[in-house]
Amino acid sequence: MSGHIYKNFCLCKGNVIFMAVMQAIVSATIIAVAILGGNTLDGEFTILSALCYALVFFMAGISNTEYFKIDEQSTWVSFVASTPLSAKGQVAGKYYTVLIINIGILFCGFVTDIIVTGITGSAAYAMSGVLMVLFSMEMIICAFEMVFYIRYGSSVGLRVKGVVFGVIIAIILIYFLFGDISFILSDDPIAALIEFLAGPVPAWITAILPFAAVGMYAASYALSLKLYRKGAENYGD
């Protein structure tokens with residue numbers, strides 16, 4: 001198993017380095033803003049931090065394609081079939097690789113959050129809850145798309161990701177058209193938005209989302225394991 005994971009990181013080291021650099025830039029930016037603002041930071045800083053963290057998770061999701069694309073060869077499938085773990089090791093290696101990348105981003109976010117909280121001297125800007133939501137949402141999206149990566153190949157999986165994000169954007173637009181957007185019309189819409197997100201409904205969603213992510217990721221792995229051999233028939237030399 002460790003060999004599969006090591007191989008994924010070695011062959012996609014460009015992606016890993018890119019994500020590490022991006023995470024460093026985002027963390028440095030957030031910390032720099034916190035240092036300059038001190039204890040005068042307001043809700044705009046919270047929104048900025050959330051958007052920065054969301055960007056890192058989004059870019060990590062985009063790079064998932066490469067971890068699957070590198071093995072879409074019939075020769076590799078034949079070699080994997082001869083190993084002790086066979087298809088199970090191949091599929092599990094992909095799922096562990098994606099999970100490790102996202103856990104790394106989550107950990108760096110927590111460290112950045114601790115540093116910022118120490119700089120501001122207040123836990124009012126703590127982003128741990130936001131980080132868990134972003135991590136859980138990314139895992140749910142990965143769980144959905146990785147089944148398509150395994151069954152139909154990386155190109156189809158990438159299109160599925162586009163459809164997923166299109167649906168999410170459509171849901172957001174529909175809410176803005178028909179939902180309660182009174183907070184936008186308030187004197188301080190950012191403060192009203194933060195207050196809304198701190199309410200009971202978002203709190204319940206935040207609490208349930210990690211468990212949903214774990215369940216869907218495990219179910220996705222089990223399904224991908226069954227579909228791997230069928231999908232491998234589509235690979236070229």
# chains A, B, ... in the order shown; residues from 1 in each chain; ligands from 1
$ residues_around --residues "Phe107 (chain A)" --least-positions-apart "5" --cutoff "12 Å" --atoms "only C-alpha atoms" --output "VMD selection string"
chain A and resid 23 27 53 100 to 102 112 to 114 128 131 to 132 135
$ write_last_selection --atoms "N, CA and C atoms" --output "tab-separated table (two decimals), in the first residue's frame"
chain	number	residue	atom	x	y	z
A	23	GLN	N	-0.28	26.64	-0.58
A	23	GLN	CA	-0.67	26.66	0.83
A	23	GLN	C	0.21	27.63	1.61
A	27	SER	N	-1.27	30.86	3.58
A	27	SER	CA	-1.04	30.99	5.02
A	27	SER	C	-0.27	32.26	5.33
A	53	TYR	N	-8.84	29.75	2.03
A	53	TYR	CA	-8.82	28.31	2.31
A	53	TYR	C	-9.61	27.53	1.27
A	100	ILE	N	-4.64	12.09	2.01
A	100	ILE	CA	-3.45	12.66	2.65
A	100	ILE	C	-3.25	14.10	2.22
A	101	ILE	N	-3.43	14.38	0.93
A	101	ILE	CA	-3.28	15.75	0.43
A	101	ILE	C	-4.25	16.68	1.14
A	102	ASN	N	-5.50	16.29	1.25
A	102	ASN	CA	-6.51	17.16	1.86
A	102	ASN	C	-6.34	17.27	3.37
A	112	THR	N	-2.31	27.66	10.78
A	112	THR	CA	-2.46	29.08	10.45
A	112	THR	C	-3.50	29.73	11.34
A	113	ASP	N	-4.58	29.03	11.58
A	113	ASP	CA	-5.66	29.56	12.41
A	113	ASP	C	-5.18	29.80	13.84
A	114	ILE	N	-4.39	28.88	14.37
A	114	ILE	CA	-3.85	29.04	15.72
A	114	ILE	C	-2.93	30.26	15.80
A	128	SER	N	-11.65	27.16	12.47
A	128	SER	CA	-11.64	25.70	12.54
A	128	SER	C	-12.93	25.10	11.99
A	131	LEU	N	-12.90	25.46	8.21
A	131	LEU	CA	-11.96	24.51	7.63
A	131	LEU	C	-12.54	23.10	7.57
A	132	MET	N	-13.24	22.69	8.64
A	132	MET	CA	-13.84	21.36	8.65
A	132	MET	C	-14.94	21.25	7.61
A	135	PHE	N	-13.19	21.04	4.19
A	135	PHE	CA	-12.57	19.72	4.06
A	135	PHE	C	-13.64	18.66	3.79
$ residues_around --residues "region 1-17 of chain A" --least-positions-apart "3" --cutoff "9 Å" --atoms "only C-alpha atoms" --output "ChimeraX atom specification"
/A:20-22,60,63,66-68,70,85,89-90,92-94,96-97,101
$ write_last_selection --atoms "C-alpha atoms" --output "mmCIF file, in the first residue's frame"
data_model
loop_
_atom_site.group_PDB
_atom_site.id
_atom_site.type_symbol
_atom_site.label_atom_id
_atom_site.label_comp_id
_atom_site.auth_asym_id
_atom_site.auth_seq_id
_atom_site.Cartn_x
_atom_site.Cartn_y
_atom_site.Cartn_z
ATOM 1 C CA ALA A 20 2.669 23.182 -0.959
ATOM 2 C CA VAL A 21 3.689 26.535 -2.448
ATOM 3 C CA MET A 22 0.069 27.658 -2.768
ATOM 4 C CA ALA A 60 -6.309 20.364 -4.663
ATOM 5 C CA SER A 63 -5.192 18.265 -9.328
ATOM 6 C CA GLU A 66 -3.335 13.632 -12.402
ATOM 7 C CA TYR A 67 -3.225 10.965 -9.672
ATOM 8 C CA PHE A 68 -5.493 8.790 -11.816
ATOM 9 C CA ILE A 70 -0.733 8.443 -14.608
ATOM 10 C CA LEU A 85 -2.735 -6.472 -3.207
ATOM 11 C CA GLY A 89 -3.933 -1.821 -3.521
ATOM 12 C CA GLN A 90 -4.265 0.274 -6.673
ATOM 13 C CA ALA A 92 -6.836 2.172 -2.054
ATOM 14 C CA GLY A 93 -3.577 3.920 -2.985
ATOM 15 C CA LYS A 94 -5.503 6.551 -4.945
ATOM 16 C CA TYR A 96 -5.267 7.400 0.483
ATOM 17 C CA THR A 97 -3.259 9.798 -1.704
ATOM 18 C CA ILE A 101 -3.284 15.747 0.428
#
$ closest_residue --among "A:Ala87, A:Ala54, A:Val111, A:Ala143" --to "Arg229 (chain A)" --atoms "only C-alpha atoms"
A:Ala87
$ residues_around --residues "Val160 (chain A)" --least-positions-apart "4" --cutoff "9 Å" --atoms "only C-alpha atoms" --output "PDB file with C-alpha atoms, in the first residue's frame"
ATOM      1  CA  PHE A 144     -18.511  11.308  -6.006  1.00  0.00           C
ATOM      2  CA  GLU A 145     -16.048  12.033  -8.812  1.00  0.00           C
ATOM      3  CA  PHE A 148     -16.081   8.113 -12.400  1.00  0.00           C
ATOM      4  CA  SER A 155     -11.180  12.868 -18.657  1.00  0.00           C
ATOM      5  CA  VAL A 156     -14.735  11.832 -17.798  1.00  0.00           C
ATOM      6  CA  VAL A 164     -20.828  19.054  -9.718  1.00  0.00           C
ATOM      7  CA  PHE A 165     -19.539  22.601  -9.377  1.00  0.00           C
TER       8      PHE A 165
END
$ residues_around --residues "Ile30 (chain A)" --least-positions-apart "2" --cutoff "8 Å" --atoms "only C-alpha atoms" --output "list in words"
Val26, Ser27, Ala28, Ala32, Val33, Ala34, Ser49, Thr112 and Val116 of chain A
$ residues_around --residues "Met216 (chain A)" --least-positions-apart "3" --cutoff "12 Å" --atoms "only C-alpha atoms" --output "PyMOL selection string"
chain A and resi 136-147+209-213+219-224
$ closest_residue --among "A:Met127, A:Ala50, A:Leu225, A:Leu158" --to "Thr65 (chain A)" --atoms "only C-alpha atoms"
A:Leu158
$ closest_residue --among "A:Met59, A:Lys161, A:Cys52, A:Ala207" --to "Gly129 (chain A)" --atoms "only C-alpha atoms"
A:Ala207
$ atom_distance --atom1 "CA of Ile119 (chain A)" --atom2 "CA of Ile103 (chain A)"
24.3 Å
$ atom_distance --atom1 "CA of Tyr228 (chain A)" --atom2 "CA of Lys88 (chain A)"
8.9 Å
